Amino acid sequence: MIIAVDGPTASGKGTIAKGLAAHYGLPHLDTGLLYRAVGRQCQLNGGDPDNPGDALAACAFADDLLADPALRSEETGGLASRVSIHPEVRRVLFDRQRAFATQPGGAVLDGRDIGTVIAPEAQAKLFITASVAARAGRRFLEMRSRGLPVTLDAIEADLALRDERDRTRAAAPLVAASDAMVLNNSELSPEASIAAAIRLIERRR
Ligand code: C5P
């Protein structure tokens, strides 16, 4: 079974995808991490993330970069969102994600375009949403717990900017697949969100 989990930044899709992978005993790929690695590599190369050639060159990152804690920063998230606009970057990362999705036994992938582009044949597609206020609040608490100096206003503004860029780009924009099950988890705890996702999947099986 392929499970596709898509949604905007800080919607909780990663937590839900991990919970589903554990529940169904499937391997999990956080595809945002691949775009983050390209954004970070572009920065390390001294490249311009808005330049397609520089972004494409950064796709040749070494696999150990995926374990770099700097990938989790808001700054790298912003760079990822900029390099992910270029179709040539998406093409390079497509093969890697496709191979993961089609491995024997199935897989869980989370991202923006899993149900629409990477694995349109997925048996279960979830589109996770939550209000900007709920998402910003979660991100704020998470960053504060890591001792990072942040304000709620700055996080809200950054989320809104990234949402806009992801939704309006020409290549694989963030949109729910027509056959996706939408889960709004603004009011749900992480555990309740995972349980709700399992219920939705089981209802369709
Ligand atoms: O999910 P995460 O915040 O780690 O993703 C970082 C950025 O990578 C997103 O804002 C989006 O622009 C891009 N991305 C994408 N397609 C995916 C996953 C992430 O374009 N499948």
# chains A, B, ... in the order shown; residues from 1 in each chain; ligands from 1

call {"tool": "residues_near_ligand", "arguments": {"ligand": "ligand 1", "cutoff": "6 Å", "atoms": "only C-alpha atoms and all ligand atoms", "output": "VMD selection string"}}
result
chain A and resid 9 31 to 33 35 to 36 77 80 to 81 84 111 to 113 162 166

call {"tool": "select_by_dssp", "arguments": {"residues": "segment 19-170 of chain A", "states": "alpha helix (DSSP H)", "output": "PyMOL selection string"}}
result
chain A and resi 19-24+32-44+52-57+74-83+87-101+132-145+152-168

call {"tool": "residues_around", "arguments": {"residues": "Ala67 of chain A", "least_positions_apart": "5", "cutoff": "12 Å", "atoms": "only C-alpha atoms", "output": "PyMOL selection string"}}
result
chain A and resi 33-34+36-37+40+61-62+72

call {"tool": "residues_around", "arguments": {"residues": "Ile201 of chain A", "least_positions_apart": "4", "cutoff": "8 Å", "atoms": "only C-alpha atoms", "output": "list in words"}}
result
Ala124, Ala197 and Arg205 of chain A

call {"tool": "residues_around", "arguments": {"residues": "Ala133 of chain A", "least_positions_apart": "4", "cutoff": "12 Å", "atoms": "only C-alpha atoms", "output": "list in words"}}
result
Ala10, Ser11, Thr129, Gly137, Arg138, Arg139, Phe140, Leu152, Asp153, Ile155, Glu156, Ala157, Leu159, Ala160, Asn185, Ser186 and Glu187 of chain A

call {"tool": "select_by_dssp", "arguments": {"residues": "chain A", "states": "strand (DSSP E or B)", "output": "count of residues only"}}
result
23

call {"tool": "closest_residue", "arguments": {"among": "A:Asp68, A:Asp158, A:Glu74, A:Asp110", "to": "Val132 of chain A", "atoms": "only C-alpha atoms"}}
result
A:Asp158

call {"tool": "residues_around", "arguments": {"residues": "segment 16-22 of chain A", "least_positions_apart": "4", "cutoff": "8 Å", "atoms": "only C-alpha atoms", "output": "ChimeraX atom specification"}}
result
/A:5,12,26-28,107-110,190,193-194,197-198

call {"tool": "write_last_selection", "arguments": {"atoms": "C-alpha atoms", "output": "mmCIF file, in the first residue's frame"}}
result
data_model
loop_
_atom_site.group_PDB
_atom_site.id
_atom_site.type_symbol
_atom_site.label_atom_id
_atom_site.label_comp_id
_atom_site.auth_asym_id
_atom_site.auth_seq_id
_atom_site.Cartn_x
_atom_site.Cartn_y
_atom_site.Cartn_z
ATOM 1 C CA VAL A 5 0.310 12.544 2.934
ATOM 2 C CA GLY A 12 1.400 18.123 11.178
ATOM 3 C CA LEU A 26 5.872 0.769 6.229
ATOM 4 C CA PRO A 27 9.030 2.773 5.457
ATOM 5 C CA HIS A 28 8.596 6.553 5.498
ATOM 6 C CA ALA A 107 5.618 3.131 1.637
ATOM 7 C CA VAL A 108 4.415 6.324 3.284
ATOM 8 C CA LEU A 109 5.591 9.612 1.742
ATOM 9 C CA ASP A 110 4.791 13.093 2.947
ATOM 10 C CA PRO A 190 -0.726 14.714 17.463
ATOM 11 C CA SER A 193 -4.535 13.351 14.398
ATOM 12 C CA ILE A 194 -2.823 10.000 13.764
ATOM 13 C CA ALA A 197 -5.913 9.503 9.778
ATOM 14 C CA ILE A 198 -6.014 5.740 10.442
#

call {"tool": "closest_residue", "arguments": {"among": "A:Val83, A:Ala195, A:Val175, A:Ala180", "to": "Asp163 of chain A", "atoms": "only C-alpha atoms"}}
result
A:Val175

call {"tool": "residues_around", "arguments": {"residues": "Ala177 of chain A", "least_positions_apart": "3", "cutoff": "9 Å", "atoms": "only C-alpha atoms", "output": "VMD selection string"}}
result
chain A and resid 113 to 116 120 125 to 127 180 to 181

call {"tool": "write_last_selection", "arguments": {"atoms": "N, CA and C atoms", "output": "mmCIF file, in the first residue's frame"}}
result
data_model
loop_
_atom_site.group_PDB
_atom_site.id
_atom_site.type_symbol
_atom_site.label_atom_id
_atom_site.label_comp_id
_atom_site.auth_asym_id
_atom_site.auth_seq_id
_atom_site.Cartn_x
_atom_site.Cartn_y
_atom_site.Cartn_z
ATOM 1 N N ASP A 113 3.179 17.167 -3.188
ATOM 2 C CA ASP A 113 2.655 16.691 -4.478
ATOM 3 C C ASP A 113 2.706 15.170 -4.572
ATOM 4 N N ILE A 114 2.643 14.481 -3.445
ATOM 5 C CA ILE A 114 2.758 13.015 -3.477
ATOM 6 C C ILE A 114 1.520 12.409 -4.142
ATOM 7 N N GLY A 115 0.336 12.845 -3.721
ATOM 8 C CA GLY A 115 -0.897 12.278 -4.272
ATOM 9 C C GLY A 115 -1.196 12.740 -5.687
ATOM 10 N N THR A 116 -0.601 13.877 -6.098
ATOM 11 C CA THR A 116 -0.916 14.415 -7.428
ATOM 12 C C THR A 116 0.136 14.051 -8.467
ATOM 13 N N PRO A 120 0.369 9.153 -8.011
ATOM 14 C CA PRO A 120 -1.076 9.377 -8.222
ATOM 15 C C PRO A 120 -1.887 8.096 -8.048
ATOM 16 N N LYS A 125 -4.767 8.587 0.078
ATOM 17 C CA LYS A 125 -4.234 9.949 -0.039
ATOM 18 C C LYS A 125 -4.870 10.812 1.028
ATOM 19 N N LEU A 126 -4.031 11.446 1.805
ATOM 20 C CA LEU A 126 -4.538 12.342 2.839
ATOM 21 C C LEU A 126 -4.030 13.746 2.540
ATOM 22 N N PHE A 127 -4.895 14.732 2.723
ATOM 23 C CA PHE A 127 -4.467 16.126 2.607
ATOM 24 C C PHE A 127 -4.709 16.759 3.970
ATOM 25 N N ALA A 180 -8.331 12.872 -2.656
ATOM 26 C CA ALA A 180 -7.698 12.886 -1.321
ATOM 27 C C ALA A 180 -8.750 13.042 -0.228
ATOM 28 N N MET A 181 -8.455 12.475 0.938
ATOM 29 C CA MET A 181 -9.313 12.656 2.111
ATOM 30 C C MET A 181 -8.717 13.819 2.903
#
